[in-house]
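Trainee: Okay, handing you the structure first.
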Amino acid sequence: MIDVNQVVSSLERNYILKLLKEGKRIDGRDLFELREVKIKTNFSPKAEGSADVFLGDTRVMCGIKYDIGKPYSDNPDKGVCTVMSEYVPIASPMFESGPPREDSIQLARVVDRGIRHTNCLEYHELCVEPGKAVYILFVDCYMMDYFGNLTDAAAIAAIAALLSAKIPGAKWDSEKEEAVWDGTIKPLTIHEIPLSITFGRVGDVIFVDPYLPEELIMDGSIAFAVDEKKQITSIQKYGSATWTVEEIMEISQKAIEISDDLRAKLNLRQYTPKI
Amino acid sequence: MPVLVPEPHDPVCFRKDGKRLDGRDVDEPRPFSCEVGVIKNAQGSSVVRHGGNLICCAVYGPREVHPRHLAKPDRGILRVYYRMATFSVHDRKSPAPNRRDNEISKVIREAIEPVLFLEAYPDSQIEVFIQIMAADGGTRCASTTAASLALADAGIPMRSMIVGIAAGKAQDKVILDLGDKEDKVGQADVPAVVVMKDKTISLLQFDGEMSIEEMKLGFKYILKGAEVIYQKQLEALKGKYEAIQLQAQKESEEYQKMVPKLTQEKPLPPSDTVVSEKIGEIKVNNDEEVQKPTKELKKEHKKETKKGTKKPTKKDIKKETKKVTKKKTEEIAQKINGTIENDPKKENDKGAKSK
Amino acid sequence: MEIIESIETPTREIVTPGMVISTDPELIPGRGAIREKNNEIISLFVGLKEIRGKYINVVPLNGLYNPQLGDKIIGRIIAKTPVKYLLNINSKYLGILKPLDAFKRNTRNRGYGKSVGTYRVKDDDLMQKLKMGDLLICKVLSGDRLNEPELTSLGQDLGQIKDGIIIHVPPPKIPRIIGKKGSMITLLKNLLHCKVFVAQNGRILIQGGKKFKHERLLIDAIHKIEKEAHTSGLTDRIKNYIIKEKKKRGIE
């Protein structure tokens with residue numbers, strides 16, 4: 001709606017800042033109000049699980065593939081889950097085709113940590129034979145339309161895709177020394193649903209879920225991953241803004257409240273396939 | 001290590017009743033649906049579902065060429081990026097583009113180039129990004145269909161729409177629009193792209209064994225199937241606007257009913273609603289601002305007078321205004337509004353003069 | 001008479017690229033149409049077909065801005081060289097703004113600052129005056145389809161924008177936002193008491209001052225016009241919409 005590209009003028013910055021200081025947002029939201037989330041799962045028949053998530057106009061498509069591979073030597077009885085993200089040039093005139101950029105890798109890591117450090121996946125269940133064969137889950141997020149706050153959208157997409165996934169069961173064939181299909185297809189066990197809430201900052205004003213023009217002018221942001229036990233499981237600070245300890249504590253509390261509301265509203269468990 | 005459940009390999013492509021496994025006839029394309037304007041950042045975009053294929057396409061441009069040395073001084077360049085999502089195929093694909101992706105990008109580019117007017121965009125580029133979210137055989141054909149939709153949606157001038165569809169041969173029968181399985185077990189595959197205006201072929205590849213007669217039949221099927229998809233394309237392009245037109249018509253009708261009520265409540269015409277007492281300062285501003293568009297219009301008239309078409313324009317305007325007052329339809333106003341562009345107007349005036 | 005009759009029967013018919021819109025040998029293909037074999041005139045755009053006198057045109061519904069002489073446009077400075085500013089003007093080319101066209105030097109060569117003045121200001125001083133990302137209202141001094149247009153920011157209404165916000169619509173829809181003889185824009189200004197400047201390249205400057213709610217409604221109304229640009233009876237509907245929304249949002 002507002003014409004902003006990579007070069008942002010002081011005009012736009014002042015306008016957005018002026019509105020924020022009065023507690024208003026450029027798209028008419030409150031300071032601590034998220035945009036509407038729409039989820040569609042299983043859009044891709046070739047993926048084990050997939051989710052197409054809209055956060056306002058921001059759109060992220062996520063798909064799950066699996067493979068059988070060797071475990072890490074320090075965790076021989078645990079499966080592996082890898083998150084990858086790609087900023088495809090479809091999403092915005094600012095993105096370019098080519099190898100993944102720093103931003104893209106950082107985003108993937110943030111989503112990855114949100115899943116890994118929460119009691120989300122049952123990693124022991126993803127083990128076929130300790131030390132020899134485990135499941136490797138690939139969670140691939142594609143940014144399809146960029147209107148700010150890709151972190152939260154990607155986190156929702158990743159967890160919705162994991163919930164909707166159906167993975168063939170495996171058993172260990174000791175004669176052939178390889179994992180074989182045991183004839184079953186079942187959903188993944190998901191204990192807790194982590195959600196990510198991002199706060200942006202311009203000057204002294206802190207707000208949730210930055211919209212694209214706000215994201216382009218903001219000094220920095222903080223992403224919180226929150227689990228179902230109302231605990232913060234991961235924090236990532238982006239950008240060059242500095243935050244006081246009080247501010248961080250305050251917005252942590254806010255993040256827990258907002259994520260609770262969001263979790264109740266989305267009811268992500270409904271996407272679990274029934275077998 | 002390979003994934004646990006291998007893809008079933010079964011050479012049978014036909015049911016006992018002579019139809020194909022998904023119930024289609026030999027010359028019937030797979031179900032097709034498409035949508036335009038789905039990616040709001042892009043200048044033009046489309047989503048195509050063709051059988052099990054799901055393809056997103058976005059168009060950016062014409063814009064500056066990066067890196068600069070690729071720019072051509074006499075014509076624009078078209079760049080096509082065909083990329084597959086990692087989860088679009090049975091075995092996970094590496095995210096980096098491979099040789100196949102690059103080859104298909106090139107053939108799609110060469111299929112689109114004939115319908116564009118690239119010579120009108122020297123030193124600039126048009127970029128077409130194609131992302132395959134699910135692949136089910138015939139992605140290069142479906143991608144071309146999607147690219148054509150996105151280009152039309154972006155408002156880039158095109159000679160014609162293009163439609164991609166494949167023919168092939170499986171179990172000694174010529175078939176149209178091969179699915180993933182038919183593609184793998186079949187004897188031949190002929191992906192083709194049809195320029196719908198004059199029914200010429202702008203992309204053609206062929207792998208396998210086919211006699212000349214079978215080829216002829218294959219092309220017959222291709223032209224028939226392309227027509228079906230073309231109609232769907234047109235529906236999507238028009239549908240985006242026609243739905244709004246219908247909705248607007250309804251609202252207008254409602255408004256017509258409301259008009260007497262509104263006039264009772266607020267008898268003042270909009271130009272009188274400026275309350276000068278309350279906000280005197282702003283009123284001054286408003287007056288200044290109001291003048292701007294009229295000034296611009298005056299300027300247009302001046303331009304016309306420069307060209308020596310003074311008399312006919314005035315006459316025309318008089319005639320128009322007479323007619324307008326007679327029939328007082330707003331549609332006429334819109335007609336003129338919609339085309340405030342200078343060129344055709346001037347040309348028309350000249351035409352009128354010559355008459 | 002023929003001309004007027006053709007205007008009276010507006011075709012709100014949507015055509016698509018490659019569609020044969022006429023086979024009449026008398027008609028001349030105008031904007032957005034070309035003649036092919038067998039006297040067939042085909043459309044090049046998704047747009048509205050219209051016949052005006054001898055000419056048949058297609059009005060596109062989306063597209064980029066093409067600079068034309070004398071257009072007032074809003075540009076954003078995205079690059080500098082030692083002797084000129086480069087502006088993004090929402091076209092396929094960057095606009096060129098030379099410092100002599102950007103700043104008033106003395107009263108004599110106002111308007112077109114190219115003529116030699118009484119004294120010479122160093123160009124590098126003038127190159128410091130504007131910053132990257134600054135927005136300017138400019139006029140196109142020279143423009144054709146094949147070269148980068150030269151701009152000037154000297155003249156009435158022109159110059160740097162210091163207040164307000166810019167919103168964006170596809171350039172082909174700009175005529176509808178202005179309306180017939182400025183009717184639509186006058187309606188918006190009168191009902192919502194905001195300053196509006198509509199530039200030909202699809203950028204609209206809105207200055208609402210402290211009236212945030214009015215400004216919001218104005219932006220929504222412009223997006224409604226943008227969405228319904230190809231329909232008829234638009235001015236009435238927008239008026240109705242604004243009156244309704246004003247009640248709903250509690251704006252006087």
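In the structure tokens, chains take letters A, B, ... by order of appearance, with residues numbered from 1 within each chain and ligands from 1 in the order shown.
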A:Ser252: which residues within 10 Å, counting only C-alpha atoms, same-chain residues fewer than 2 positions away excluded, as number ranges by chain?

Mentor: A: 197, 199, 222-226, 231-232, 235, 246-250, 254-258

Trainee: Running DSSP on the backbone, which parts of stretch 24-248 of chain B land in alpha helix (DSSP H), as JSON, numbers by chain?

Mentor: {"B": [99, 100, 101, 102, 103, 104, 105, 106, 107, 108, 109, 110, 111, 112, 139, 140, 141, 142, 143, 144, 145, 146, 147, 148, 149, 150, 151, 152, 153, 180, 181, 182, 183, 184, 185, 212, 213, 214, 215, 216, 217, 218, 219, 220, 221, 222, 223, 224, 225, 226, 227, 228, 229, 230, 231, 232, 233, 234, 235, 236, 237, 238, 239, 240, 241, 242, 243, 244, 245, 246, 247, 248]}

Trainee: List as a ChimeraX atom specification the protein and nucleic acid residues near stretch 124-138 of chain B, meaning an atom at most 6 Å away when only C-alpha atoms are counted, but skip any in the same chain fewer than 5 places from it.

Mentor: /A:44,90 /B:52-65,76-85,88-89,179-180

Trainee: Mind checking which residues fall within 9 Å of stretch 82-93 of chain C, counting only C-alpha atoms, ignoring those fewer than 4 positions away in the same chain, and posting them as a PyMOL selection string?

Mentor: (chain B and resi 61-64+121+123-125) or (chain C and resi 64-67+73-78+97-99+123-124+127+130+133+135-136+146-149+171+201-203)

Trainee: To test your reading of the structure, identify every residue in stretch 112-174 of chain A that backbone DSSP assigns to strand (DSSP E or B), and report it as a ChimeraX atom specification.

Mentor: /A:121,127-129,133-145,166-173

Trainee: Mind dumping the selected residues with C-alpha atoms as a PDB file, in the first residue's frame?

Mentor:
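part.pdb was written with the following content:
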```pdb
ATOM      1  CA  LEU A 121       9.625 -33.424  18.279  1.00  0.00           C
ATOM      2  CA  CYS A 127      15.753 -43.308  15.562  1.00  0.00           C
ATOM      3  CA  VAL A 128      15.661 -46.577  13.590  1.00  0.00           C
ATOM      4  CA  GLU A 129      18.855 -48.231  14.840  1.00  0.00           C
ATOM      5  CA  ALA A 133      20.170 -45.185  10.951  1.00  0.00           C
ATOM      6  CA  VAL A 134      17.911 -42.323  11.984  1.00  0.00           C
ATOM      7  CA  TYR A 135      15.324 -40.200  10.253  1.00  0.00           C
ATOM      8  CA  ILE A 136      16.512 -36.866   8.927  1.00  0.00           C
ATOM      9  CA  LEU A 137      13.632 -34.434   8.566  1.00  0.00           C
ATOM     10  CA  PHE A 138      14.042 -31.562   6.125  1.00  0.00           C
ATOM     11  CA  VAL A 139      11.800 -28.579   6.789  1.00  0.00           C
ATOM     12  CA  ASP A 140      12.095 -26.292   3.756  1.00  0.00           C
ATOM     13  CA  CYS A 141      10.488 -22.865   4.004  1.00  0.00           C
ATOM     14  CA  TYR A 142       9.942 -20.812   0.847  1.00  0.00           C
ATOM     15  CA  MET A 143       9.170 -17.116   1.269  1.00  0.00           C
ATOM     16  CA  MET A 144       6.573 -16.459  -1.387  1.00  0.00           C
ATOM     17  CA  ASP A 145       5.500 -12.896  -0.621  1.00  0.00           C
ATOM     18  CA  LYS A 166       2.784 -38.409   7.491  1.00  0.00           C
ATOM     19  CA  ILE A 167       6.012 -40.419   7.606  1.00  0.00           C
ATOM     20  CA  PRO A 168       6.421 -44.083   6.651  1.00  0.00           C
ATOM     21  CA  GLY A 169       7.540 -46.226   9.566  1.00  0.00           C
ATOM     22  CA  ALA A 170      10.891 -48.036   9.411  1.00  0.00           C
ATOM     23  CA  LYS A 171      12.490 -51.094  10.947  1.00  0.00           C
ATOM     24  CA  TRP A 172      16.072 -52.266  10.936  1.00  0.00           C
ATOM     25  CA  ASP A 173      16.933 -55.198   8.713  1.00  0.00           C
TER      26      ASP A 173
END
```
